[in-house]
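Undergrad: Below you'll find coords.txt; it's compact mmCIF, C-alpha atoms and all ligand atoms.
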```txt
# COMPACT_ATOMS: atom_id res chain seq x y z
CA MET A 1 -66.10 46.45 14.64
CA ALA A 2 -68.37 48.25 12.27
CA GLU A 3 -71.80 48.96 10.98
CA VAL A 4 -72.85 47.26 7.78
CA LYS A 5 -75.33 49.01 5.52
CA LEU A 6 -77.12 47.71 2.46
CA LYS A 7 -78.65 50.35 0.25
CA ASN A 8 -81.08 49.14 -2.40
CA ILE A 9 -78.98 46.16 -3.34
CA THR A 10 -80.12 43.91 -6.14
CA LYS A 11 -78.68 40.72 -7.56
CA LYS A 12 -79.69 39.30 -10.90
CA TYR A 13 -78.51 36.06 -12.43
CA GLY A 14 -79.67 36.53 -16.04
CA ASP A 15 -83.47 36.60 -15.79
CA VAL A 16 -83.55 35.47 -12.16
CA THR A 17 -83.69 38.22 -9.56
CA ALA A 18 -82.22 36.60 -6.46
CA VAL A 19 -82.31 39.74 -4.30
CA GLN A 20 -84.41 42.78 -5.04
CA ASN A 21 -83.86 46.32 -3.83
CA MET A 22 -82.87 45.31 -0.32
CA SER A 23 -82.04 47.97 2.26
CA LEU A 24 -80.86 47.22 5.73
CA ASP A 25 -78.79 48.84 8.49
CA ILE A 26 -76.93 46.45 10.73
CA ALA A 27 -75.69 48.13 13.89
CA HIS A 28 -72.28 47.87 15.40
CA ASN A 29 -72.18 44.69 17.58
CA GLU A 30 -75.60 43.58 16.43
CA PHE A 31 -76.44 39.91 15.94
CA LEU A 32 -78.62 39.98 12.84
CA VAL A 33 -80.17 36.81 11.45
CA LEU A 34 -81.40 36.43 7.87
CA VAL A 35 -84.03 33.74 7.73
CA GLY A 36 -86.40 32.43 5.08
CA PRO A 37 -87.23 29.44 2.94
CA SER A 38 -84.83 27.82 0.50
CA GLY A 39 -84.02 30.02 -2.49
CA CYS A 40 -85.19 33.31 -0.94
CA GLY A 41 -81.79 34.97 -1.40
CA LYS A 42 -80.11 34.62 2.00
CA SER A 43 -76.78 33.23 0.83
CA THR A 44 -76.71 35.59 -2.12
CA THR A 45 -77.10 38.56 0.25
CA LEU A 46 -74.33 37.28 2.50
CA ARG A 47 -72.03 36.57 -0.43
CA MET A 48 -72.54 40.08 -1.76
CA ILE A 49 -71.55 41.51 1.63
CA ALA A 50 -68.48 39.27 1.66
CA GLY A 51 -67.56 40.31 -1.87
CA LEU A 52 -67.87 36.80 -3.27
CA GLU A 53 -70.69 37.85 -5.57
CA GLU A 54 -70.87 40.92 -7.75
CA ILE A 55 -73.75 43.30 -7.07
CA SER A 56 -76.16 44.14 -9.90
CA GLY A 57 -77.34 47.38 -8.25
CA GLY A 58 -77.11 49.37 -5.03
CA GLU A 59 -74.38 49.99 -2.49
CA ILE A 60 -72.85 48.16 0.44
CA PHE A 61 -71.18 50.11 3.24
CA ILE A 62 -68.88 48.66 5.87
CA GLY A 63 -68.18 51.39 8.40
CA ASP A 64 -68.52 54.53 6.32
CA GLN A 65 -66.89 53.12 3.19
CA VAL A 66 -68.61 51.84 0.09
CA VAL A 67 -67.09 48.42 -0.52
CA ASN A 68 -68.75 47.47 -3.82
CA GLU A 69 -65.45 47.45 -5.65
CA LYS A 70 -63.32 46.03 -2.85
CA ASP A 71 -61.84 42.55 -2.93
CA PRO A 72 -63.15 40.13 -0.30
CA LYS A 73 -59.78 40.14 1.48
CA ASP A 74 -59.84 43.91 1.81
CA ARG A 75 -63.26 44.08 3.45
CA ASN A 76 -62.05 42.85 6.85
CA ILE A 77 -64.88 40.44 7.38
CA SER A 78 -64.74 36.70 8.02
CA MET A 79 -67.15 34.15 6.70
CA VAL A 80 -67.94 30.75 8.23
CA PHE A 81 -69.66 28.26 5.93
CA GLN A 82 -71.78 25.17 6.38
CA ASN A 83 -69.01 22.87 5.16
CA TYR A 84 -66.11 24.17 7.18
CA ALA A 85 -63.44 23.22 4.62
CA LEU A 86 -60.52 22.77 7.02
CA TYR A 87 -57.15 21.82 5.57
CA PRO A 88 -56.94 18.05 6.24
CA HIS A 89 -53.14 17.84 6.44
CA MET A 90 -52.79 20.67 8.99
CA THR A 91 -53.28 20.50 12.75
CA VAL A 92 -55.92 22.59 14.47
CA GLU A 93 -53.31 25.23 15.32
CA GLU A 94 -51.97 25.34 11.79
CA ASN A 95 -55.50 25.64 10.42
CA LEU A 96 -56.15 28.53 12.76
CA GLY A 97 -53.02 30.44 11.83
CA PHE A 98 -53.00 29.73 8.11
CA SER A 99 -54.81 32.82 6.85
CA LEU A 100 -52.54 35.05 8.93
CA LYS A 101 -49.47 33.28 7.58
CA ILE A 102 -50.68 33.88 4.02
CA ALA A 103 -51.22 37.53 4.91
CA LYS A 104 -47.55 37.59 6.05
CA GLU A 105 -48.48 38.52 9.58
CA ASP A 106 -45.66 38.58 12.12
CA LYS A 107 -44.92 35.13 13.62
CA LYS A 108 -45.26 36.26 17.24
CA GLU A 109 -48.54 37.97 16.42
CA ILE A 110 -49.87 34.81 14.77
CA GLU A 111 -48.95 32.82 17.87
CA THR A 112 -50.72 35.27 20.16
CA ARG A 113 -53.91 35.33 18.12
CA VAL A 114 -54.03 31.55 17.66
CA LYS A 115 -53.55 31.10 21.40
CA GLU A 116 -56.34 33.54 22.08
CA ALA A 117 -58.73 31.75 19.68
CA VAL A 118 -57.81 28.36 21.18
CA LYS A 119 -58.67 29.71 24.60
CA ILE A 120 -61.91 31.40 23.61
CA LEU A 121 -63.17 28.24 21.90
CA GLY A 122 -61.84 25.74 24.44
CA LEU A 123 -59.65 23.94 21.91
CA GLU A 124 -56.60 23.51 24.20
CA GLU A 125 -56.72 19.71 24.21
CA LEU A 126 -57.18 19.49 20.47
CA ARG A 127 -54.43 21.83 19.32
CA LYS A 128 -52.23 19.16 17.77
CA ARG A 129 -54.97 17.09 16.15
CA LYS A 130 -55.82 16.92 12.47
CA PRO A 131 -59.41 17.59 11.31
CA SER A 132 -60.04 13.87 10.68
CA GLN A 133 -59.51 13.29 14.42
CA LEU A 134 -62.23 15.77 15.40
CA SER A 135 -65.99 15.49 15.81
CA GLY A 136 -68.34 17.60 13.70
CA GLY A 137 -68.87 20.12 16.46
CA GLN A 138 -65.14 20.42 17.12
CA ARG A 139 -64.47 21.01 13.42
CA GLN A 140 -67.12 23.71 13.39
CA ARG A 141 -65.39 25.34 16.36
CA VAL A 142 -62.08 25.33 14.49
CA ALA A 143 -63.82 26.91 11.52
CA MET A 144 -65.04 29.67 13.82
CA GLY A 145 -61.56 29.99 15.28
CA ARG A 146 -60.19 30.63 11.81
CA ALA A 147 -62.62 33.51 11.52
CA ILE A 148 -61.76 34.88 14.98
CA VAL A 149 -57.98 35.09 14.47
CA ARG A 150 -58.50 37.59 11.70
CA ARG A 151 -60.16 40.00 14.13
CA PRO A 152 -62.71 41.02 11.56
CA ASP A 153 -65.10 43.96 11.68
CA ALA A 154 -67.96 41.54 11.10
CA PHE A 155 -68.59 37.81 11.02
CA LEU A 156 -70.75 36.28 8.34
CA PHE A 157 -72.20 32.83 8.99
CA ASP A 158 -73.97 30.80 6.31
CA GLU A 159 -75.92 27.96 7.95
CA PRO A 160 -72.88 26.97 10.05
CA LEU A 161 -74.75 24.34 12.06
CA SER A 162 -76.77 22.54 9.44
CA ASN A 163 -74.30 19.65 9.16
CA LEU A 164 -74.58 18.83 12.85
CA ASP A 165 -77.07 16.55 14.57
CA ALA A 166 -79.92 18.12 16.54
CA LYS A 167 -78.30 17.94 19.98
CA LEU A 168 -74.98 19.33 18.86
CA ARG A 169 -76.73 22.04 16.92
CA THR A 170 -78.43 23.25 20.10
CA GLN A 171 -75.12 23.18 21.98
CA MET A 172 -73.23 25.05 19.29
CA ARG A 173 -76.04 27.59 19.07
CA THR A 174 -75.43 28.45 22.71
CA GLU A 175 -71.69 28.62 22.08
CA ILE A 176 -72.12 31.00 19.18
CA LYS A 177 -74.30 33.24 21.31
CA LYS A 178 -71.73 33.26 24.11
CA LEU A 179 -68.97 33.89 21.61
CA HIS A 180 -70.81 36.93 20.35
CA GLN A 181 -71.17 38.26 23.89
CA LYS A 182 -67.43 37.79 24.40
CA LEU A 183 -66.20 39.21 21.11
CA LYS A 184 -68.77 41.98 20.74
CA THR A 185 -68.63 41.97 16.96
CA THR A 186 -71.22 42.53 14.31
CA VAL A 187 -72.64 39.19 13.18
CA ILE A 188 -74.77 38.46 10.13
CA TYR A 189 -76.06 34.93 10.35
CA VAL A 190 -78.03 33.00 7.74
CA THR A 191 -80.31 30.11 8.57
CA HIS A 192 -83.57 28.62 7.37
CA ASP A 193 -84.31 27.40 10.89
CA GLN A 194 -86.68 29.78 12.66
CA VAL A 195 -85.80 28.41 16.11
CA GLU A 196 -82.13 29.17 15.50
CA ALA A 197 -83.13 32.64 14.34
CA MET A 198 -85.32 33.28 17.39
CA THR A 199 -82.71 32.14 19.90
CA LEU A 200 -79.68 33.89 18.41
CA ALA A 201 -80.89 37.14 16.95
CA ASP A 202 -81.04 40.67 18.29
CA ARG A 203 -83.07 41.31 15.15
CA ILE A 204 -84.40 38.98 12.50
CA VAL A 205 -84.84 39.76 8.83
CA ILE A 206 -87.39 37.49 7.19
CA MET A 207 -86.88 37.14 3.46
CA LYS A 208 -89.16 35.70 0.82
CA ASP A 209 -88.54 35.61 -2.94
CA GLY A 210 -85.59 38.00 -2.74
CA VAL A 211 -87.32 40.72 -0.72
CA ILE A 212 -87.61 41.53 2.97
CA GLU A 213 -90.99 40.53 4.45
CA GLN A 214 -90.36 41.97 7.90
CA ILE A 215 -87.56 43.12 10.19
CA GLY A 216 -87.87 43.02 13.96
CA THR A 217 -86.79 41.54 17.25
CA PRO A 218 -87.77 37.89 17.75
CA LEU A 219 -90.66 38.89 19.99
CA GLU A 220 -91.92 41.58 17.64
CA LEU A 221 -92.12 39.06 14.83
CA PHE A 222 -93.82 36.54 17.08
CA GLU A 223 -96.34 38.97 18.55
CA LYS A 224 -96.93 41.27 15.59
CA PRO A 225 -96.36 39.45 12.32
CA ALA A 226 -96.87 41.88 9.45
CA THR A 227 -97.91 39.20 6.98
CA LYS A 228 -99.47 35.76 6.90
CA PHE A 229 -96.15 34.40 5.69
CA VAL A 230 -94.29 35.71 8.76
CA ALA A 231 -97.08 34.47 11.05
CA THR A 232 -96.77 30.90 9.83
CA PHE A 233 -92.97 30.98 9.51
CA ILE A 234 -92.21 32.11 13.07
CA GLY A 235 -93.24 29.91 15.99
CA SER A 236 -93.42 26.18 16.48
CA PRO A 237 -95.77 24.49 15.85
CA SER A 238 -96.69 26.72 12.96
CA MET A 239 -99.65 29.09 13.52
CA ASN A 240 -103.02 27.53 12.63
CA MET A 241 -104.46 29.32 9.61
CA ILE A 242 -108.06 29.16 8.37
CA GLU A 243 -109.45 30.68 5.16
CA ALA A 244 -112.71 32.55 5.64
CA LYS A 245 -115.07 35.22 4.37
CA ILE A 246 -116.56 38.04 6.44
CA THR A 247 -120.34 37.68 6.67
CA ASN A 248 -123.04 39.59 8.49
CA ILE A 249 -125.49 37.53 10.53
CA SER A 250 -128.22 39.61 12.17
CA GLY A 251 -126.04 42.65 12.45
CA GLU A 252 -122.90 40.92 13.73
CA LEU A 253 -119.77 40.16 11.73
CA TYR A 254 -118.60 36.57 11.50
CA MET A 255 -115.70 34.83 9.85
CA GLU A 256 -117.30 32.09 7.78
CA THR A 257 -114.95 29.29 6.83
CA ASN A 258 -115.05 27.58 3.43
CA ASP A 259 -116.89 24.67 5.03
CA GLY A 260 -119.58 26.89 6.54
CA ILE A 261 -118.43 27.30 10.13
CA SER A 262 -119.00 30.78 11.58
CA VAL A 263 -116.70 32.31 14.17
CA LEU A 264 -117.53 35.68 15.68
CA VAL A 265 -115.12 38.41 14.59
CA PRO A 266 -112.92 39.49 17.53
CA LYS A 267 -114.18 42.83 18.85
CA HIS A 268 -110.98 44.76 18.25
CA LYS A 269 -111.03 43.85 14.52
CA ILE A 270 -114.63 44.76 13.68
CA ASN A 271 -113.85 48.24 12.39
CA SER A 272 -111.09 47.04 10.06
CA LEU A 273 -113.25 44.58 8.12
CA THR A 274 -115.88 44.77 5.42
CA GLU A 275 -118.65 42.36 4.58
CA GLY A 276 -117.66 39.93 1.84
CA GLN A 277 -113.91 40.43 2.44
CA ARG A 278 -111.82 37.29 2.13
CA ILE A 279 -109.42 36.77 5.02
CA SER A 280 -107.29 34.20 6.76
CA PHE A 281 -107.51 33.95 10.48
CA GLY A 282 -104.68 32.52 12.47
CA PHE A 283 -104.18 31.41 16.03
CA ARG A 284 -101.32 29.72 17.83
CA ALA A 285 -101.61 26.24 19.32
CA GLU A 286 -101.56 27.59 22.89
CA ASP A 287 -104.56 29.79 22.13
CA ILE A 288 -106.92 26.90 21.46
CA VAL A 289 -107.13 24.53 24.41
CA PRO A 290 -109.44 21.81 25.72
CA ILE A 291 -111.78 23.50 28.21
CA LYS A 292 -111.70 20.48 30.49
CA PHE A 293 -108.02 20.99 31.22
CA GLY A 294 -107.65 24.73 31.10
CA GLN A 295 -109.18 28.04 31.87
CA LYS A 296 -111.75 29.40 29.51
CA PRO A 297 -110.52 32.71 28.08
CA LYS A 298 -112.58 35.86 28.56
CA SER A 299 -113.58 36.09 24.94
CA SER A 300 -113.72 32.70 23.33
CA TRP A 301 -115.35 30.56 20.70
CA SER A 302 -115.91 26.92 21.38
CA LEU A 303 -115.32 23.96 19.13
CA GLN A 304 -116.54 20.45 19.82
CA SER A 305 -114.26 18.07 17.98
CA LYS A 306 -112.64 14.65 17.94
CA VAL A 307 -108.93 14.23 18.65
CA ASN A 308 -107.08 12.97 15.57
CA LEU A 309 -103.84 12.46 17.42
CA ALA A 310 -102.21 13.46 20.72
CA GLU A 311 -98.47 13.85 21.19
CA PRO A 312 -97.40 13.96 24.84
CA LEU A 313 -94.02 15.73 24.86
CA GLY A 314 -93.43 15.92 28.60
CA THR A 315 -93.94 19.54 29.51
CA GLU A 316 -96.68 19.91 26.92
CA THR A 317 -99.08 17.87 24.84
CA LEU A 318 -99.92 18.67 21.23
CA ILE A 319 -103.44 17.71 20.25
CA PHE A 320 -104.42 17.56 16.58
CA THR A 321 -108.08 18.04 15.78
CA ASN A 322 -110.27 19.46 13.02
CA LEU A 323 -111.92 22.83 12.59
CA GLY A 324 -114.19 21.99 9.68
CA ASN A 325 -111.97 20.31 7.13
CA THR A 326 -108.78 21.98 8.31
CA GLU A 327 -106.58 20.24 10.85
CA VAL A 328 -105.53 22.49 13.71
CA VAL A 329 -103.12 21.91 16.56
CA SER A 330 -103.74 22.70 20.20
CA ARG A 331 -101.06 22.87 22.86
CA MET A 332 -101.76 22.30 26.52
CA PHE A 333 -99.32 22.50 29.36
CA THR A 334 -101.15 20.29 31.86
CA PRO A 335 -100.21 16.63 32.14
CA GLU A 336 -103.68 15.10 31.55
CA LEU A 337 -103.81 12.16 29.24
CA VAL A 338 -105.57 12.73 25.93
CA ASN A 339 -106.23 9.93 23.48
CA SER A 340 -107.05 9.70 19.79
CA ASN A 341 -110.81 9.77 19.19
CA ASP A 342 -111.55 11.55 22.49
CA ASP A 343 -114.36 14.01 21.98
CA LEU A 344 -113.30 17.34 23.45
CA GLU A 345 -114.54 20.88 23.68
CA PHE A 346 -111.86 23.40 22.75
CA ALA A 347 -111.90 27.11 23.51
CA LEU A 348 -110.32 29.45 20.97
CA ASN A 349 -109.13 32.67 22.56
CA LEU A 350 -110.57 35.30 20.22
CA ASP A 351 -108.39 38.08 21.65
CA ARG A 352 -105.36 36.16 20.42
CA THR A 353 -106.46 35.59 16.81
CA TYR A 354 -104.56 37.17 13.93
CA LEU A 355 -106.33 38.32 10.77
CA PHE A 356 -104.77 38.69 7.34
CA ASP A 357 -106.22 40.04 4.12
CA GLY A 358 -107.06 37.21 1.73
CA ASP A 359 -105.56 38.95 -1.30
CA THR A 360 -102.47 40.71 0.03
CA GLY A 361 -101.64 38.52 3.04
CA LEU A 362 -101.08 41.71 5.05
CA ALA A 363 -102.06 41.82 8.72
CA ILE A 364 -105.42 43.46 9.41
N1 LIG A 401 -74.99 31.23 -9.63
C1 LIG A 401 -76.31 31.30 -9.80
N2 LIG A 401 -76.86 31.34 -11.02
C2 LIG A 401 -78.21 31.43 -11.19
N3 LIG A 401 -79.08 31.50 -10.17
C3 LIG A 401 -78.59 31.47 -8.93
C4 LIG A 401 -77.19 31.36 -8.66
N4 LIG A 401 -77.01 31.35 -7.31
C5 LIG A 401 -78.25 31.44 -6.78
N5 LIG A 401 -79.19 31.52 -7.73
C6 LIG A 401 -80.65 31.65 -7.53
O1 LIG A 401 -80.88 32.77 -6.70
C7 LIG A 401 -81.92 32.52 -5.76
C8 LIG A 401 -81.41 32.75 -4.34
O2 LIG A 401 -80.43 31.78 -4.01
P1 LIG A 401 -79.71 31.71 -2.59
O3 LIG A 401 -78.62 30.73 -2.68
O4 LIG A 401 -79.35 33.07 -2.17
O5 LIG A 401 -80.89 31.16 -1.67
P2 LIG A 401 -80.86 30.80 -0.12
O6 LIG A 401 -81.90 31.66 0.51
O7 LIG A 401 -79.50 30.87 0.42
O8 LIG A 401 -81.41 29.30 -0.12
P3 LIG A 401 -80.96 28.02 0.77
O9 LIG A 401 -81.72 28.12 2.08
O10 LIG A 401 -81.46 26.87 -0.05
O11 LIG A 401 -79.49 28.03 0.93
C9 LIG A 401 -82.38 31.10 -6.04
O12 LIG A 401 -83.52 31.16 -6.84
C10 LIG A 401 -81.22 30.48 -6.76
O13 LIG A 401 -81.65 29.45 -7.63
MG MG A 402 -78.15 29.40 1.18
```
Let me see the file written as structure tokens.
Ligand SMILES: Nc1ncnc2c1ncn2[C@@H]1O[C@H](COP(=O)(O)OP(=O)(O)OP(=O)(O)O)[C@@H](O)[C@H]1O
Ligand SMILES: [Mg+2]

TA:
Amino acid sequence: MAEVKLKNITKKYGDVTAVQNMSLDIAHNEFLVLVGPSGCGKSTTLRMIAGLEEISGGEIFIGDQVVNEKDPKDRNISMVFQNYALYPHMTVEENLGFSLKIAKEDKKEIETRVKEAVKILGLEELRKRKPSQLSGGQRQRVAMGRAIVRRPDAFLFDEPLSNLDAKLRTQMRTEIKKLHQKLKTTVIYVTHDQVEAMTLADRIVIMKDGVIEQIGTPLELFEKPATKFVATFIGSPSMNMIEAKITNISGELYMETNDGISVLVPKHKINSLTEGQRISFGFRAEDIVPIKFGQKPKSSWSLQSKVNLAEPLGTETLIFTNLGNTEVVSRMFTPELVNSNDDLEFALNLDRTYLFDGDTGLAI
């Protein structure tokens, strides 16, 4: 068990900067998730921590030691990959014990640790099977078992569930979370799936173009996104986002959309805005609802609009409609039936809108 610290680490591949000046402290026993779009530098970061990739600048600490120059095998961390690469000719048990055998660990000790991993992961019935006789989820569990037997200071996961179907992915997600509670080890977990990040993480690091956009707990990122990018990345469906300009109409500030619709600036934002400023304003689907089926919020703006499409999902219905030329999505939790082409009045809760600067994308 250990802390992992990244101090100004950078990775360059020729002209490409994959990771730039990244600093991060990962606490002992923390479950930290790196999330971000494809190519943002998640795997590169993980591979540098594992020692599989040389670092162009900065320092990595595991515990209180700088490990920049250490071989991967001397860092005492285990990595689980997307393609679990089990040895096809070995049984589950043999796969589990193989790395210890290579490390010339004592035979009794290997037996004890393999038994322990088998028990933790519920692989008792499958001990004697070969990988080809296992399902995807079972193979992934064996891959995790191989990491567990080494009793590492930290586990590194690189998109371990992306080869599994949706249902199994959800199941394994729960298993990984339970496993972490049992083993109490530092975990650094890479995914591009924000739901996976939200459900697993103690803290999430959102990366974009090789730099950190924001670090925080899942709720912090959801409630207080620091940038427009984070706001639209976290949460499902994605936050509605409208481009607008701040205008003054008879002494009051409005957000005027590109197609000429004016929405009153939420009271608590008035002092942070200037006339003529370009902004984006965002709101989540649950904060714009048909008035007919919900309660009108205290401070709201109303939109009369036709339903483009309604998706009844059981506990909720997603309604797609237009605000000017931009399609927005509304989420209601009541079971009323809504149909395409219905004409509805929606109430946008102004207290729940998010504003971002049009140039920098930073939260206002
Ligand atoms: N060996 C390499 N040589 C040159 N460029 C590389 C190399 N490996 C990665 N890159 C580049 O570095 C950047 C970061 O890649 P990385 O694999 O870390 O992204 P990622 O966030 O893991 O993406 P994904 O979600 O697609 O796995 C990308 O622009 C990628 O093209
Ligand atoms: Mg990757």

Undergrad: Using only C-alpha atoms, which protein or nucleic acid residues come within 7 Å of A:Leu24? Drop anything in the same chain fewer than 2 positions from it, and give the result as a list in words.

TA: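 Final neighbour list, sorted by chain and number: Lys5, Leu6, Lys7, Met22 and Ile26 of chain A.
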
Undergrad: So which one's closest to A:Thr353, A:Lys107, A:Lys269, A:Lys292, A:Arg139? Using all atoms listed in the file, please.

TA: A:Lys269

Undergrad: Taking all listed atoms of stretch 255-273 of chain A, build the axis-aligned box, pad each of the six sides by 3 Å, then write its centre and edge lengths in Å to one decimal as AutoDock Vina command-line options.

TA:
```
--center_x -115.3 --center_y 36.5 --center_z 11.1 --size_x 14.6 --size_y 29.6 --size_z 21.4
```

Undergrad: Taking all atoms listed in the file into account, produce a table as a tab-separated table in which each residue of chain A with an atom at most 8 Å from an atom of ligand LIG 401 (chain A) appears once, together with its shortest atom pair and the distance in Å to one decimal, ordered by chain and rising number.

TA:
```
residue	atom	partner	partner_atom	distance
A:Lys12	CA	A:LIG401	O1	7.9
A:Tyr13	CA	A:LIG401	C2	4.8
A:Gly14	CA	A:LIG401	C2	7.2
A:Val16	CA	A:LIG401	N3	6.3
A:Thr17	CA	A:LIG401	O1	6.8
A:Ala18	CA	A:LIG401	O1	4.1
A:Val19	CA	A:LIG401	C8	7.0
A:Val35	CA	A:LIG401	O6	7.8
A:Gly36	CA	A:LIG401	O6	6.5
A:Pro37	CA	A:LIG401	O9	5.7
A:Ser38	CA	A:LIG401	O9	3.5
A:Gly39	CA	A:LIG401	O5	3.4
A:Cys40	CA	A:LIG401	O6	4.0
A:Gly41	CA	A:LIG401	O4	3.2
A:Lys42	CA	A:LIG401	O6	3.8
A:Ser43	CA	A:LIG401	O7	3.6
A:Thr44	CA	A:LIG401	O4	3.7
A:Thr45	CA	A:LIG401	O4	6.4
A:Glu159	CA	A:LIG401	O11	7.9
A:Val190	CA	A:LIG401	O7	7.8
A:Thr191	CA	A:LIG401	O9	6.9
A:His192	CA	A:LIG401	O9	5.6
A:Met207	CA	A:LIG401	O6	8.0
A:Asp209	CA	A:LIG401	O12	7.8
A:Gly210	CA	A:LIG401	C8	6.9
```

Undergrad: Smallest atom-to-atom distance to A:Phe98: which of A:Val307, A:Met79, A:Ala143, A:Leu253, using only C-alpha atoms?

TA: A:Ala143

Undergrad: Just want the 10 Å neighbourhood of A:Asp153, counted on only C-alpha atoms, with same-chain residues fewer than 3 positions away dropped. Output as a ChimeraX atom specification.

TA: /A:1-4,28-29,62-63,75-78,150,184-187

Undergrad: Determine, counting only C-alpha atoms, which protein, DNA and RNA residues have an atom within 10 Å of an atom of A:Ile242; residues of the same chain fewer than 4 positions away are not included. Present the result as a VMD selection string.

TA: chain A and resid 255 to 258 279 to 283 323 to 328 355
